[in-house]
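J.: query.cif is reproduced in full below (mmCIF, C-alpha atoms).
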```cif
data_protein
loop_
_atom_site.group_PDB
_atom_site.id
_atom_site.type_symbol
_atom_site.label_atom_id
_atom_site.label_comp_id
_atom_site.auth_asym_id
_atom_site.auth_seq_id
_atom_site.Cartn_x
_atom_site.Cartn_y
_atom_site.Cartn_z
ATOM 1 C CA MET M 1 -11.360 -4.606 -96.342
ATOM 2 C CA SER M 2 -11.411 -1.824 -98.837
ATOM 3 C CA ASN M 3 -8.270 0.020 -99.752
ATOM 4 C CA GLN M 4 -10.161 2.744 -101.499
ATOM 5 C CA LEU M 5 -10.098 6.131 -99.825
ATOM 6 C CA ILE M 6 -12.907 8.480 -100.722
ATOM 7 C CA GLN M 7 -12.279 12.165 -100.189
ATOM 8 C CA GLU M 8 -15.230 13.862 -98.556
ATOM 9 C CA ALA M 9 -16.055 17.552 -98.919
ATOM 10 C CA PRO M 10 -15.823 19.380 -95.568
ATOM 11 C CA LEU M 11 -19.432 20.545 -95.666
ATOM 12 C CA VAL M 12 -20.932 17.134 -96.380
ATOM 13 C CA GLY M 13 -22.462 16.996 -92.897
ATOM 14 C CA ILE M 14 -24.553 20.145 -93.273
ATOM 15 C CA GLU M 15 -25.632 19.760 -96.901
ATOM 16 C CA SER M 16 -29.332 20.035 -96.066
ATOM 17 C CA LYS M 17 -28.785 23.403 -94.401
ATOM 18 C CA LEU M 18 -26.943 24.637 -97.481
ATOM 19 C CA ALA M 19 -29.826 24.008 -99.852
ATOM 20 C CA ARG M 20 -31.284 27.473 -99.278
ATOM 21 C CA VAL M 21 -28.155 29.308 -100.395
ATOM 22 C CA PHE M 22 -26.965 26.804 -102.987
ATOM 23 C CA VAL M 23 -28.346 28.699 -105.988
ATOM 24 C CA LYS M 24 -26.846 29.760 -109.300
ATOM 25 C CA ALA M 25 -28.229 33.292 -109.460
ATOM 26 C CA PRO M 26 -28.983 34.404 -105.900
ATOM 27 C CA THR M 27 -31.361 37.328 -105.348
ATOM 28 C CA SER M 28 -29.692 38.253 -102.069
ATOM 29 C CA PHE M 29 -27.024 35.802 -100.938
ATOM 30 C CA GLY M 30 -25.600 32.583 -102.351
ATOM 31 C CA LEU M 31 -22.946 30.195 -101.079
ATOM 32 C CA VAL M 32 -21.257 27.426 -103.042
ATOM 33 C CA GLU M 33 -18.455 25.275 -101.708
ATOM 34 C CA ARG M 34 -15.519 24.867 -104.075
ATOM 35 C CA SER M 35 -14.010 21.847 -102.392
ATOM 36 C CA PHE M 36 -10.832 20.041 -103.473
ATOM 37 C CA MET M 37 -9.162 23.092 -105.012
ATOM 38 C CA THR M 38 -5.390 22.882 -105.051
ATOM 39 C CA HIS M 39 -3.572 25.040 -102.507
ATOM 40 C CA VAL M 40 0.180 25.255 -102.217
ATOM 41 C CA THR M 41 2.016 27.445 -99.727
ATOM 42 C CA LEU M 42 5.090 29.093 -101.192
ATOM 43 C CA ARG M 43 7.707 30.904 -99.137
ATOM 44 C CA GLY M 44 10.836 32.657 -100.275
ATOM 45 C CA ASP M 45 12.634 35.967 -100.341
ATOM 46 C CA PRO M 46 10.935 38.418 -102.741
ATOM 47 C CA ARG M 47 14.159 40.451 -102.829
ATOM 48 C CA SER M 48 15.889 37.548 -104.607
ATOM 49 C CA LYS M 49 15.495 38.169 -108.317
ATOM 50 C CA THR M 50 16.179 34.508 -109.150
ATOM 51 C CA PHE M 51 13.431 33.316 -106.796
ATOM 52 C CA VAL M 52 10.853 35.719 -108.232
ATOM 53 C CA ASP M 53 11.891 35.034 -111.841
ATOM 54 C CA VAL M 54 11.757 31.263 -111.467
ATOM 55 C CA VAL M 55 8.358 31.288 -109.740
ATOM 56 C CA GLU M 56 6.884 33.707 -112.269
ATOM 57 C CA ARG M 57 8.191 31.662 -115.183
ATOM 58 C CA THR M 58 6.943 28.371 -113.710
ATOM 59 C CA LEU M 59 3.468 29.628 -112.817
ATOM 60 C CA GLN M 60 3.169 32.191 -115.627
ATOM 61 C CA LEU M 61 1.957 34.964 -113.378
ATOM 62 C CA THR M 62 3.340 37.982 -111.520
ATOM 63 C CA LEU M 63 3.848 37.426 -107.794
ATOM 64 C CA PRO M 64 1.802 40.061 -105.930
ATOM 65 C CA ALA M 65 3.841 42.332 -103.640
ATOM 66 C CA GLY M 66 0.947 43.576 -101.508
ATOM 67 C CA GLN M 67 -2.553 42.537 -100.500
ATOM 68 C CA ALA M 68 -3.688 41.323 -103.904
ATOM 69 C CA MET M 69 -4.024 38.255 -106.062
ATOM 70 C CA THR M 70 -2.747 37.617 -109.578
ATOM 71 C CA HIS M 71 -3.800 35.048 -112.168
ATOM 72 C CA SER M 72 -2.106 32.973 -114.817
ATOM 73 C CA PRO M 73 -3.806 32.161 -118.129
ATOM 74 C CA HIS M 74 -4.035 28.502 -116.999
ATOM 75 C CA GLY M 75 -6.307 28.639 -113.945
ATOM 76 C CA CYS M 76 -3.566 29.289 -111.434
ATOM 77 C CA SER M 77 -3.520 32.244 -109.013
ATOM 78 C CA ALA M 78 -1.108 33.624 -106.445
ATOM 79 C CA VAL M 79 -2.475 35.204 -103.277
ATOM 80 C CA TRP M 80 -0.315 37.415 -101.060
ATOM 81 C CA MET M 81 -0.195 35.983 -97.510
ATOM 82 C CA GLY M 82 2.698 37.906 -95.989
ATOM 83 C CA PRO M 83 5.944 39.654 -96.924
ATOM 84 C CA ASP M 84 7.568 36.333 -97.861
ATOM 85 C CA GLU M 85 4.604 34.011 -98.276
ATOM 86 C CA TRP M 86 2.077 33.285 -101.024
ATOM 87 C CA LEU M 87 -0.804 30.880 -101.435
ATOM 88 C CA ILE M 88 -0.873 29.341 -104.892
ATOM 89 C CA GLU M 89 -4.356 28.259 -105.954
ATOM 90 C CA SER M 90 -5.071 26.072 -108.902
ATOM 91 C CA THR M 91 -8.044 24.390 -110.510
ATOM 92 C CA GLU M 92 -5.977 22.683 -113.196
ATOM 93 C CA GLU M 93 -3.074 20.971 -111.472
ATOM 94 C CA THR M 94 -3.104 18.721 -108.417
ATOM 95 C CA GLY M 95 -1.175 19.677 -105.289
ATOM 96 C CA PRO M 96 1.644 17.152 -105.732
ATOM 97 C CA GLU M 97 2.079 18.211 -109.393
ATOM 98 C CA LEU M 98 2.349 21.876 -108.521
ATOM 99 C CA GLU M 99 4.583 21.180 -105.525
ATOM 100 C CA THR M 100 6.989 19.060 -107.575
ATOM 101 C CA ALA M 101 7.085 21.572 -110.435
ATOM 102 C CA LEU M 102 7.913 24.464 -108.104
ATOM 103 C CA ARG M 103 10.374 22.458 -106.040
ATOM 104 C CA ASN M 104 12.304 21.301 -109.111
ATOM 105 C CA ALA M 105 12.348 24.784 -110.601
ATOM 106 C CA LEU M 106 13.530 26.345 -107.330
ATOM 107 C CA ALA M 107 16.281 23.780 -106.617
ATOM 108 C CA GLY M 108 19.272 25.531 -105.092
ATOM 109 C CA GLU M 109 17.267 28.618 -104.201
ATOM 110 C CA HIS M 110 16.185 29.329 -100.592
ATOM 111 C CA HIS M 111 12.488 28.441 -100.522
ATOM 112 C CA ALA M 112 9.694 26.328 -99.044
ATOM 113 C CA VAL M 113 6.859 24.754 -101.013
ATOM 114 C CA VAL M 114 4.165 22.709 -99.287
ATOM 115 C CA ASP M 115 0.977 21.219 -100.678
ATOM 116 C CA VAL M 116 -1.764 22.239 -98.217
ATOM 117 C CA SER M 117 -4.794 21.395 -100.390
ATOM 118 C CA SER M 118 -6.353 19.011 -97.866
ATOM 119 C CA GLY M 119 -6.136 21.627 -95.103
ATOM 120 C CA PHE M 120 -8.415 24.199 -96.709
ATOM 121 C CA THR M 121 -11.730 24.580 -98.405
ATOM 122 C CA VAL M 122 -13.156 27.461 -100.408
ATOM 123 C CA PHE M 123 -16.586 29.109 -100.243
ATOM 124 C CA GLU M 124 -17.779 31.221 -103.106
ATOM 125 C CA LEU M 125 -20.121 33.924 -101.837
ATOM 126 C CA THR M 126 -22.302 35.801 -104.293
ATOM 127 C CA GLY M 127 -25.220 38.191 -104.409
ATOM 128 C CA PRO M 128 -26.018 41.814 -103.540
ATOM 129 C CA LYS M 129 -26.053 41.133 -99.755
ATOM 130 C CA VAL M 130 -22.614 39.488 -99.568
ATOM 131 C CA ARG M 131 -20.978 42.539 -97.988
ATOM 132 C CA ASP M 132 -23.682 42.802 -95.325
ATOM 133 C CA VAL M 133 -23.305 39.122 -94.463
ATOM 134 C CA LEU M 134 -19.511 39.357 -94.230
ATOM 135 C CA ALA M 135 -19.593 42.579 -92.229
ATOM 136 C CA LYS M 136 -21.469 40.862 -89.396
ATOM 137 C CA GLY M 137 -18.463 38.787 -88.363
ATOM 138 C CA CYS M 138 -15.471 40.360 -90.020
ATOM 139 C CA PRO M 139 -13.824 43.592 -88.789
ATOM 140 C CA LEU M 140 -12.507 44.587 -92.232
ATOM 141 C CA ASP M 141 -13.595 47.655 -94.128
ATOM 142 C CA LEU M 142 -15.293 46.050 -97.121
ATOM 143 C CA HIS M 143 -16.131 49.267 -98.945
ATOM 144 C CA PRO M 144 -15.191 48.962 -102.658
ATOM 145 C CA ARG M 145 -12.945 52.007 -102.302
ATOM 146 C CA VAL M 146 -10.576 50.156 -99.951
ATOM 147 C CA PHE M 147 -11.467 46.591 -100.975
ATOM 148 C CA PRO M 148 -11.424 46.577 -104.787
ATOM 149 C CA VAL M 149 -11.767 43.583 -107.102
ATOM 150 C CA GLY M 150 -8.540 41.544 -107.002
ATOM 151 C CA HIS M 151 -7.832 42.513 -103.390
ATOM 152 C CA SER M 152 -6.928 39.749 -100.930
ATOM 153 C CA VAL M 153 -6.764 39.952 -97.153
ATOM 154 C CA GLN M 154 -6.583 37.656 -94.193
ATOM 155 C CA SER M 155 -8.834 38.283 -91.246
ATOM 156 C CA HIS M 156 -11.390 36.399 -89.172
ATOM 157 C CA TYR M 157 -15.081 35.649 -89.567
ATOM 158 C CA PHE M 158 -16.338 35.393 -86.009
ATOM 159 C CA LYS M 159 -13.812 32.919 -84.544
ATOM 160 C CA ALA M 160 -12.590 31.376 -87.808
ATOM 161 C CA GLY M 161 -9.452 32.611 -89.566
ATOM 162 C CA ILE M 162 -10.178 33.381 -93.205
ATOM 163 C CA THR M 163 -8.530 34.587 -96.372
ATOM 164 C CA LEU M 164 -10.962 36.801 -98.240
ATOM 165 C CA LEU M 165 -10.568 37.360 -101.970
ATOM 166 C CA ARG M 166 -12.682 39.716 -104.011
ATOM 167 C CA ILE M 167 -13.258 37.999 -107.353
ATOM 168 C CA ASP M 168 -15.903 40.270 -108.826
ATOM 169 C CA GLU M 169 -18.246 43.120 -107.870
ATOM 170 C CA GLU M 170 -20.606 40.829 -105.986
ATOM 171 C CA CYS M 171 -18.465 37.724 -105.695
ATOM 172 C CA TYR M 172 -16.041 36.968 -102.875
ATOM 173 C CA ARG M 173 -14.071 33.813 -102.270
ATOM 174 C CA LEU M 174 -13.365 32.738 -98.749
ATOM 175 C CA VAL M 175 -10.507 30.334 -98.022
ATOM 176 C CA VAL M 176 -11.003 28.692 -94.655
ATOM 177 C CA ARG M 177 -9.337 25.901 -92.711
ATOM 178 C CA ARG M 178 -11.057 22.584 -93.252
ATOM 179 C CA SER M 179 -11.573 22.078 -89.529
ATOM 180 C CA PHE M 180 -13.306 25.476 -89.277
ATOM 181 C CA ALA M 181 -15.369 25.029 -92.461
ATOM 182 C CA GLU M 182 -18.571 23.794 -90.857
ATOM 183 C CA TYR M 183 -18.467 26.425 -88.111
ATOM 184 C CA CYS M 184 -17.722 29.207 -90.576
ATOM 185 C CA CYS M 185 -20.475 28.085 -92.930
ATOM 186 C CA LEU M 186 -23.068 27.851 -90.140
ATOM 187 C CA MET M 187 -22.138 31.361 -88.986
ATOM 188 C CA LEU M 188 -22.489 32.627 -92.572
ATOM 189 C CA LEU M 189 -25.912 30.996 -92.876
ATOM 190 C CA ASP M 190 -26.979 32.496 -89.561
ATOM 191 C CA ALA M 191 -25.765 35.934 -90.626
ATOM 192 C CA ALA M 192 -27.535 35.610 -93.983
ATOM 193 C CA ASP M 193 -30.795 34.401 -92.447
ATOM 194 C CA GLU M 194 -32.513 37.803 -92.458
ATOM 195 C CA PHE M 195 -31.771 38.258 -96.174
ATOM 196 C CA LEU M 196 -33.100 34.823 -97.122
ATOM 197 C CA ARG M 197 -36.584 35.042 -95.627
ATOM 198 C CA MET G 198 -12.122 48.469 -80.492
ATOM 199 C CA LEU G 199 -8.546 49.633 -81.013
ATOM 200 C CA GLN G 200 -7.112 49.935 -84.487
ATOM 201 C CA ILE G 201 -3.543 48.729 -84.878
ATOM 202 C CA THR G 202 -1.290 49.376 -87.860
ATOM 203 C CA CYS G 203 0.458 46.199 -88.992
ATOM 204 C CA PRO G 204 3.721 47.138 -90.769
ATOM 205 C CA TRP G 205 2.706 44.870 -93.670
ATOM 206 C CA CYS G 206 -1.114 44.926 -93.755
ATOM 207 C CA GLY G 207 -1.922 48.456 -92.612
ATOM 208 C CA LEU G 208 -4.687 49.527 -90.255
ATOM 209 C CA ARG G 209 -6.629 46.569 -88.847
ATOM 210 C CA ALA G 210 -8.946 45.822 -85.956
ATOM 211 C CA GLU G 211 -7.524 44.837 -82.596
ATOM 212 C CA SER G 212 -9.344 41.482 -82.724
ATOM 213 C CA GLU G 213 -6.934 40.297 -85.432
ATOM 214 C CA PHE G 214 -3.909 40.734 -83.157
ATOM 215 C CA SER G 215 -2.478 39.076 -80.098
ATOM 216 C CA TYR G 216 -0.173 40.594 -77.530
ATOM 217 C CA GLY G 217 3.321 39.200 -76.993
ATOM 218 C CA GLY G 218 4.696 41.016 -73.968
ATOM 219 C CA GLU G 219 7.596 43.397 -73.648
ATOM 220 C CA ALA G 220 9.858 43.870 -76.672
ATOM 221 C CA ASP G 221 13.648 43.923 -77.026
ATOM 222 C CA ILE G 222 14.416 41.235 -74.462
ATOM 223 C CA ALA G 223 17.548 39.440 -75.655
ATOM 224 C CA ARG G 224 18.321 35.911 -74.489
ATOM 225 C CA PRO G 225 21.655 35.958 -72.604
ATOM 226 C CA SER G 226 24.338 34.346 -74.757
ATOM 227 C CA ASP G 227 26.230 32.825 -71.796
ATOM 228 C CA SER G 228 23.294 31.289 -69.944
ATOM 229 C CA GLU G 229 25.563 28.541 -68.476
ATOM 230 C CA ALA G 230 27.543 31.121 -66.536
ATOM 231 C CA LEU G 231 24.521 33.111 -65.421
ATOM 232 C CA SER G 232 23.538 33.316 -61.761
ATOM 233 C CA ASP G 233 20.065 32.075 -60.797
ATOM 234 C CA GLU G 234 19.065 35.621 -60.054
ATOM 235 C CA ALA G 235 20.162 36.914 -63.467
ATOM 236 C CA TRP G 236 18.418 34.007 -65.200
ATOM 237 C CA GLY G 237 15.242 34.659 -63.223
ATOM 238 C CA ASP G 238 15.531 38.301 -64.180
ATOM 239 C CA TYR G 239 15.668 37.399 -67.850
ATOM 240 C CA LEU G 240 12.797 34.921 -67.600
ATOM 241 C CA PHE G 241 10.318 36.666 -65.359
ATOM 242 C CA MET G 242 11.096 40.263 -64.523
ATOM 243 C CA ARG G 243 9.346 42.866 -66.672
ATOM 244 C CA LYS G 244 9.177 46.628 -66.477
ATOM 245 C CA ASN G 245 5.437 47.224 -66.049
ATOM 246 C CA THR G 246 5.872 50.688 -67.494
ATOM 247 C CA LYS G 247 3.366 53.449 -66.912
ATOM 248 C CA GLY G 248 3.574 55.496 -70.076
ATOM 249 C CA VAL G 249 5.296 54.640 -73.343
ATOM 250 C CA HIS G 250 5.971 50.898 -73.491
ATOM 251 C CA LYS G 251 7.758 48.871 -76.172
ATOM 252 C CA GLU G 252 5.966 45.635 -76.810
ATOM 253 C CA GLN G 253 5.568 42.764 -79.233
ATOM 254 C CA TRP G 254 2.411 42.069 -81.207
ATOM 255 C CA LEU G 255 1.438 39.259 -83.546
ATOM 256 C CA HIS G 256 -0.906 39.860 -86.464
ATOM 257 C CA ALA G 257 -2.471 36.489 -85.667
ATOM 258 C CA SER G 258 -5.447 36.524 -88.051
ATOM 259 C CA GLY G 259 -3.574 38.454 -90.733
ATOM 260 C CA CYS G 260 -0.099 37.977 -92.150
ATOM 261 C CA ARG G 261 0.964 36.080 -88.985
ATOM 262 C CA ARG G 262 4.079 38.213 -88.519
ATOM 263 C CA TRP G 263 5.498 39.525 -85.261
ATOM 264 C CA PHE G 264 6.226 43.217 -85.009
ATOM 265 C CA ASN G 265 7.094 45.740 -82.334
ATOM 266 C CA ALA G 266 4.968 48.609 -81.117
ATOM 267 C CA GLU G 267 5.344 51.625 -78.900
ATOM 268 C CA ARG G 268 2.168 52.070 -76.920
ATOM 269 C CA ASP G 269 1.174 54.398 -74.129
ATOM 270 C CA THR G 270 -0.115 52.172 -71.330
ATOM 271 C CA VAL G 271 -2.092 55.060 -69.827
ATOM 272 C CA THR G 272 -4.005 56.210 -72.907
ATOM 273 C CA TYR G 273 -3.740 52.965 -74.960
ATOM 274 C CA GLN G 274 -2.508 55.091 -77.858
ATOM 275 C CA PHE G 275 -0.252 53.309 -80.335
ATOM 276 C CA ILE G 276 2.593 55.713 -81.034
ATOM 277 C CA ARG G 277 4.206 53.627 -83.748
ATOM 278 C CA THR G 278 4.577 50.078 -85.012
ATOM 279 C CA TYR G 279 7.669 48.754 -86.775
ATOM 280 C CA PRO G 280 9.224 45.444 -87.893
ATOM 281 C CA VAL G 281 11.329 43.631 -85.269
ATOM 282 C CA GLY G 282 14.932 44.746 -85.506
ATOM 283 C CA ALA G 283 14.109 47.976 -87.314
ATOM 284 C CA SER G 284 14.430 50.233 -84.264
ATOM 285 C CA GLY G 285 18.014 49.793 -83.079
ATOM 286 C CA SER G 286 16.967 50.906 -79.624
ATOM 287 C CA GLY G 287 19.909 49.336 -77.761
ATOM 288 C CA ASP G 288 17.582 48.442 -74.908
ATOM 289 C CA THR G 289 18.169 44.720 -74.470
ATOM 290 C CA HIS G 290 17.253 43.991 -70.861
ATOM 291 C CA GLY G 291 13.857 43.060 -69.591
ATOM 292 C CA ALA G 292 14.267 44.187 -66.033
ATOM 293 C CA ASP G 293 15.561 47.365 -64.560
#
```
Can you turn what I pasted into C-alpha cells?

T.:
Amino acid sequence: MSNQLIQEAPLVGIESKLARVFVKAPTSFGLVERSFMTHVTLRGDPRSKTFVDVVERTLQLTLPAGQAMTHSPHGCSAVWMGPDEWLIESTEETGPELETALRNALAGEHHAVVDVSSGFTVFELTGPKVRDVLAKGCPLDLHPRVFPVGHSVQSHYFKAGITLLRIDEECYRLVVRRSFAEYCCLMLLDAADEFLR
Amino acid sequence: MLQITCPWCGLRAESEFSYGGEADIARPSDSEALSDEAWGDYLFMRKNTKGVHKEQWLHASGCRRWFNAERDTVTYQFIRTYPVGASGSGDTHGAD
C-alpha cells in the first residue's frame, strides 16, 4: 500500500476540453488554471491599530479597506473579502508557513487565520473577449470605469460563487471553490464558445 | 432584477442576495418563564406588513454579511439598507 498522496488539480477531469483555451497569447479568450496557489483566510478588527500594523509588517503590504487587492514585493497579495475579512494569496509560501507566521505574529490579538488553499482554485482569464464571457453569467458591472485594475469583488458566475480580481487590462483572475471548479470552467467554456469558432 | 445596496459592497444585483425574514426580532431573555403562547409568538408570528417593512438580507454571494433593509412590500422599493444594530429602532417584537 502506498503512503504517497498525490495532489490533483481540480480540472484534471476536463483537461481535453480545456485545450482550446489553454493558449499563451489568446486572440479572443484564454483560460489557464493556476492550481495549488496558497490561500489563507484572515479575520480581525481593522479598527485595531495593532492588528493592522502586525499584519502589514508580517506580509509587507497594506491591507485593503475596500473592494481592492494589494501586493507585497514577495508574491503575496491581500484581497478584501468583507469589513473584517481578507484572503491572503501567495505563490511563494505554503499555506501552513503563512498560517504559522501570521498566527505567531498575531498572538494575543483577536484574530482568526485559516489555511484554505485546498478549498479553492484559480482561473486566469485573458484576451479581448474576457469581459463578454464573464458578463454572460455574472451580474456585475464590468466596465473599466467601475471595475478598474486592482479591483476585487465577490459575486457569482451562473450558480458558482466567485471572487473576481482584475489583474490587468485584459486579465482577470477568478477564485472559485474547488468543488465548483469543473462546473464553473464548463460554463466559461460554453460562454466563450462563440468567440472561439 | 432588483438592485440592492449592500452597506459594504454598494449596489449589486438581487441574485447575489438572500432574504432573511423580518428584522429586529429579539430572542426573549427569560425563555424558561415564557408561556407557550408567548414562545410561539416569538418563533412563528410575523407582521406580514403591507407597506414599509424592516427585514434582514444576506449578501450571500458577496461579502457574506447580514444587514437590515427597509423595503416597501407594495412597490418593492428599497428605502434604505443599514448594518444590523445601526438603526436603534426600539422595535423588538415580531408579532403585534

J.: Find the residue from G:Gln200, G:Met242, G:Gly259, G:Val249 that sits nearest to Thr272 of chain G; use all atoms listed in the file when measuring.

T.: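 Closest to Thr272 of chain G, using all atoms listed in the file: G:Val249.
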
J.: Which residues, written as number ranges by chain, have at least one atom at most 12 Å from Leu98 of chain M, with all atoms listed in the file counted and residues fewer than 4 positions away on the same chain left out?

T.: M: 38-42, 55, 58-59, 76-77, 87-94, 102-105, 113-117

J.: Please provide the set of residues having any atom within 8 Å of segment 174-179 of chain M, restricted to only C-alpha atoms, with same-chain residues fewer than 5 positions apart removed, written as a list of chain:residue names.

T.: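 Surrounding residues, per the criterion: M:Pro10, M:Ser118, M:Gly119, M:Phe120, M:Thr121, M:Val122, M:Phe123, M:Glu124, M:Leu125, M:Ala160, M:Gly161, M:Ile162, M:Thr163, M:Leu164, M:Leu165, M:Cys184.
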
J.: Can you build me a table of chain G residues sitting at most 8 Å from chain M, with the closest atom pair per residue and its distance in Å to one decimal, using all atoms listed in the file, sorted by chain and residue number, as a Markdown table?

T.:
```
| residue | atom | partner | partner_atom | distance |
| --- | --- | --- | --- | --- |
| G:Trp205 | CA | M:Pro83 | CA | 6.9 |
| G:Cys206 | CA | M:Gln67 | CA | 7.3 |
| G:Arg209 | CA | M:Leu140 | CA | 7.1 |
| G:Ala210 | CA | M:Pro139 | CA | 6.1 |
| G:Ser212 | CA | M:Pro139 | CA | 7.8 |
| G:Glu213 | CA | M:Ser155 | CA | 6.4 |
| G:Ser258 | CA | M:Ser155 | CA | 5.0 |
| G:Gly259 | CA | M:Gln154 | CA | 4.7 |
| G:Cys260 | CA | M:Gly82 | CA | 4.8 |
| G:Arg261 | CA | M:Gly82 | CA | 7.4 |
| G:Arg262 | CA | M:Gly82 | CA | 7.6 |
```

J.: Distance atom CA of Asp53 of chain M-atom CA of Met69 of chain M, one decimal place?

T.: 17.2 Å

J.: Taking the file as shown, what set of residues would the PyMOL selection byres ((chain M and resi 21) around 12) give back, as an MDAnalysis selection string?

T.: chainID M and resid 15:20 22:33 123:127 130 185:186 188:190 192:193 195:197

J.: Do you have the atom CA of Thr270 of chain G-atom CA of Asp238 of chain G distance handy?

T.: 22.1 Å

J.: Calculate how many Å separate atom CA of Pro280 of chain G from atom CA of His151 of chain M, rounding to one decimal.

T.: 23.2 Å
